[in-house]
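Shown next: final-v5.txt, given as compact mmCIF, C-alpha atoms and all ligand atoms.
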# COMPACT_ATOMS: atom_id res chain seq x y z
CA MET C 20 -14.19 -9.23 7.46
CA SER C 21 -11.19 -10.36 5.45
CA PHE C 22 -8.03 -11.59 7.10
CA ASP C 23 -5.84 -8.64 6.15
CA LEU C 24 -8.45 -6.23 7.51
CA ARG C 25 -8.66 -8.10 10.77
CA GLU C 26 -4.95 -7.54 11.30
CA LEU C 27 -5.51 -3.82 10.92
CA TYR C 28 -8.45 -3.64 13.26
CA GLN C 29 -6.59 -2.56 16.30
CA GLU C 30 -8.39 -1.13 19.28
CA VAL C 31 -7.90 2.50 18.28
CA ILE C 32 -9.14 1.99 14.73
CA LEU C 33 -12.18 0.06 15.93
CA ASP C 34 -13.01 2.74 18.45
CA HIS C 35 -12.72 5.63 15.99
CA ASN C 36 -14.72 3.76 13.39
CA ARG C 37 -17.52 3.04 15.86
CA ARG C 38 -17.55 6.50 17.44
CA PRO C 39 -16.01 8.92 14.94
CA ARG C 40 -14.82 12.20 16.47
CA ASN C 41 -15.66 15.55 14.89
CA ARG C 42 -18.18 14.08 12.48
CA GLY C 43 -20.39 16.59 10.69
CA GLU C 44 -19.73 20.01 9.26
CA VAL C 45 -18.14 23.16 10.58
CA LEU C 46 -20.50 26.14 10.30
CA GLU C 47 -19.20 28.99 8.16
CA PRO C 48 -16.00 27.18 7.17
CA THR C 49 -13.00 29.07 5.82
CA GLY C 50 -11.89 25.97 3.93
CA ALA C 51 -13.60 22.89 2.55
CA ALA C 52 -12.69 20.05 0.23
CA GLU C 53 -14.00 16.69 -0.86
CA GLY C 54 -11.95 13.59 -1.54
CA HIS C 55 -12.73 10.34 -3.28
CA ASN C 56 -10.94 7.02 -3.34
CA PRO C 57 -12.56 5.11 -6.20
CA LEU C 58 -10.47 2.01 -5.49
CA CYS C 59 -12.39 1.44 -2.27
CA GLY C 60 -15.40 3.73 -2.65
CA ASP C 61 -14.41 6.08 0.16
CA ASN C 62 -15.80 9.61 0.13
CA VAL C 63 -14.77 12.23 2.64
CA LYS C 64 -15.65 15.89 3.03
CA ILE C 65 -13.56 18.13 5.26
CA THR C 66 -14.77 21.49 6.52
CA LEU C 67 -12.57 23.63 8.71
CA ARG C 68 -12.16 27.08 10.13
CA THR C 69 -8.82 28.77 10.68
CA SER C 70 -8.17 31.83 12.79
CA GLY C 71 -4.90 33.36 13.86
CA GLY C 72 -2.99 30.82 11.75
CA LYS C 73 -4.51 27.89 13.63
CA VAL C 74 -7.03 25.22 12.77
CA SER C 75 -9.66 26.36 15.26
CA ASP C 76 -12.35 23.91 14.16
CA ILE C 77 -12.51 20.93 11.82
CA ALA C 78 -15.04 18.24 10.97
CA PHE C 79 -15.39 15.45 8.46
CA ASP C 80 -18.34 13.78 6.82
CA GLY C 81 -18.88 11.19 4.16
CA SER C 82 -18.94 7.45 3.86
CA GLY C 83 -16.10 5.03 3.63
CA CYS C 84 -14.51 1.90 4.95
CA ALA C 85 -13.37 1.52 8.56
CA ILE C 86 -9.81 2.60 7.74
CA SER C 87 -10.77 5.84 6.01
CA THR C 88 -13.33 6.68 8.70
CA ALA C 89 -10.89 5.99 11.54
CA SER C 90 -8.14 7.90 9.75
CA ALA C 91 -10.41 10.93 9.23
CA SER C 92 -11.50 10.82 12.88
CA LEU C 93 -7.92 10.55 14.16
CA MET C 94 -6.77 13.26 11.76
CA THR C 95 -9.38 15.79 12.93
CA GLU C 96 -8.47 15.11 16.56
CA ALA C 97 -4.76 15.50 15.82
CA VAL C 98 -4.86 18.77 13.87
CA LYS C 99 -7.57 20.61 15.82
CA GLY C 100 -5.84 23.53 17.55
CA MET C 101 -2.61 23.11 15.57
CA THR C 102 -1.08 25.82 13.46
CA VAL C 103 -1.66 25.39 9.73
CA GLU C 104 2.08 24.80 9.28
CA ASP C 105 2.14 22.04 11.90
CA ALA C 106 -0.91 20.42 10.34
CA GLU C 107 0.82 20.38 6.95
CA ARG C 108 3.95 18.92 8.53
CA LEU C 109 1.92 16.23 10.24
CA PHE C 110 0.31 15.42 6.87
CA ARG C 111 3.78 14.81 5.39
CA GLU C 112 4.90 12.75 8.39
CA PHE C 113 1.76 10.64 8.27
CA GLN C 114 2.30 9.99 4.58
CA GLN C 115 5.88 9.03 5.32
CA MET C 116 4.75 6.64 8.05
CA VAL C 117 2.26 4.74 5.90
CA THR C 118 4.33 4.65 2.71
CA SER C 119 7.92 4.18 3.83
CA ASP C 120 9.96 2.02 6.11
CA ALA C 121 10.54 4.85 8.56
CA GLN C 122 10.38 3.53 12.09
CA VAL C 123 7.37 4.73 14.01
CA SER C 124 9.72 5.85 16.78
CA ASP C 125 11.33 8.28 14.32
CA LEU C 126 8.04 10.15 14.19
CA PRO C 127 7.09 10.73 17.81
CA GLU C 128 4.63 13.52 17.01
CA LEU C 129 2.20 11.10 15.42
CA GLY C 130 0.92 9.76 18.73
CA SER C 131 -2.33 7.83 18.31
CA LEU C 132 -1.98 8.12 14.54
CA ASN C 133 0.56 5.32 14.89
CA ALA C 134 -2.44 2.99 15.06
CA LEU C 135 -2.60 3.28 11.27
CA ALA C 136 1.05 2.34 10.67
CA GLY C 137 -0.07 -1.20 9.82
CA VAL C 138 -1.62 -0.11 6.52
CA ARG C 139 1.81 -0.01 4.92
CA GLU C 140 1.74 -3.80 4.90
CA HIS C 141 -1.46 -3.57 2.80
CA PRO C 142 -0.83 -1.27 -0.18
CA VAL C 143 -4.50 -1.22 -1.22
CA ARG C 144 -5.38 0.29 2.18
CA ILE C 145 -2.82 3.10 2.07
CA LYS C 146 -5.13 5.28 -0.03
CA CYS C 147 -7.95 4.74 2.46
CA ALA C 148 -5.70 6.03 5.27
CA THR C 149 -4.23 8.97 3.36
CA LEU C 150 -7.47 10.16 1.70
CA PRO C 151 -8.58 12.33 4.67
CA TRP C 152 -5.11 13.90 4.81
CA HIS C 153 -5.02 14.78 1.13
CA THR C 154 -8.48 16.28 1.56
CA LEU C 155 -7.28 18.25 4.59
CA HIS C 156 -4.38 19.58 2.52
CA ALA C 157 -6.79 20.70 -0.23
CA ALA C 158 -9.05 22.40 2.32
CA LEU C 159 -6.09 24.26 3.85
CA CYS C 160 -4.84 25.39 0.44
CA GLN C 161 -8.27 26.70 -0.41
CA LYS C 162 -8.24 28.71 2.79
CA GLU C 163 -4.88 30.22 1.92
CA ALA C 164 -6.12 31.12 -1.55
CA THR C 165 -9.13 32.85 0.03
CA VAL C 166 -6.95 34.79 2.40
CA SER C 167 -4.62 36.04 -0.34
CA THR C 168 -7.48 37.52 -2.35
CA GLU C 169 -8.93 39.48 0.55
ZN ZN X 1 -11.28 2.42 2.04

Could you render the structure from this file as structure tokens?
Ligand code: ZN
Amino acid sequence: MSFDLRELYQEVILDHNRRPRNRGEVLEPTGAAEGHNPLCGDNVKITLRTSGGKVSDIAFDGSGCAISTASASLMTEAVKGMTVEDAERLFREFQQMVTSDAQVSDLPELGSLNALAGVREHPVRIKCATLPWHTLHAALCQKEATVSTE
């Protein structure tokens, strides 16, 4: 484990990497997307089901480094049960947290996602942390496209 990684390995990240939540696939998903981060070799697949404008079920699969795995696990926990709009807003806030100097306290909704705030000190890790969120966004857009054609 390199030094910069060790700094990032907080309790929450370690825990979610060891015991990822919502790992697997949602049966009969209404949205799905795959994401790749060639810089690190992270691959993530998101499957989700929406009903009544809410993310009723979501799961992730794939292989990646500890940061991408923990981020995917935390992300699925955070957005499960949220409205699609809130999930998209959280995506933007998360991105803001890991890429800007915004104080964590300015973004109270992020909760346990704050564990990943440290990646902004390590630019090469930012893509690992945001990959699951970009993939979520793609999966949600796909769902909307499906709905509009029905
Ligand atoms: Zn990675």

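Distance cut-off 9 Å, centre (-13.7, 7.0, 8.3), atoms counted all atoms listed in the file; the residues meeting this are His35, Asn36, Pro39, Asp61, Asn62, Val63, Phe79, Asp80, Gly81, Ser82, Gly83, Cys84, Ala85, Ile86, Ser87, Thr88, Ala89, Ser90, Ala91, Ser92, Leu93, Cys147, Ala148 and Pro151 of chain C.
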
Which residue of C:Ser70, C:Thr149, C:Ile77, C:Cys59 approaches Leu109 in chain C most closely, using all atoms listed in the file: C:Thr149

Taken to one decimal, the CA of Ala106 in chain C-CA of Arg40 in chain C distance is 17.3 Å

Find the distance between CA of Ile145 in chain C and CA of Cys160 in chain C and write it in Å to one decimal.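 Answer for the CA of Ile145 in chain C to CA of Cys160 in chain C separation: 22.4 Å.
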
Using all atoms listed in the file and a cutoff of 12 Å, can you tell me which residues are near (-13.9, 21.2, 0.8) in the file's coordinates, and write them out as number ranges by chain? C: 44-45, 47-55, 62-68, 77-81, 151, 153-162

Would you mind listing what lies within 9 Å of Val31 in chain C as a list of chain:residue names, with all atoms listed in the file counted and same-chain residues fewer than 6 positions away left out? C:Ala89, C:Ser131, C:Leu132, C:Ala134, C:Leu135

Go through C:Gln114, C:Asn41, C:Leu150, C:Gln29 one by one, measure the shortest atom-to-atom distance of each to ligand ZN 1 (chain X) using all atoms listed in the file, and give the residue with the smallest value.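 Between C:Gln114, C:Asn41, C:Leu150, C:Gln29, the residue approaching ligand ZN 1 (chain X) most closely is C:Leu150.
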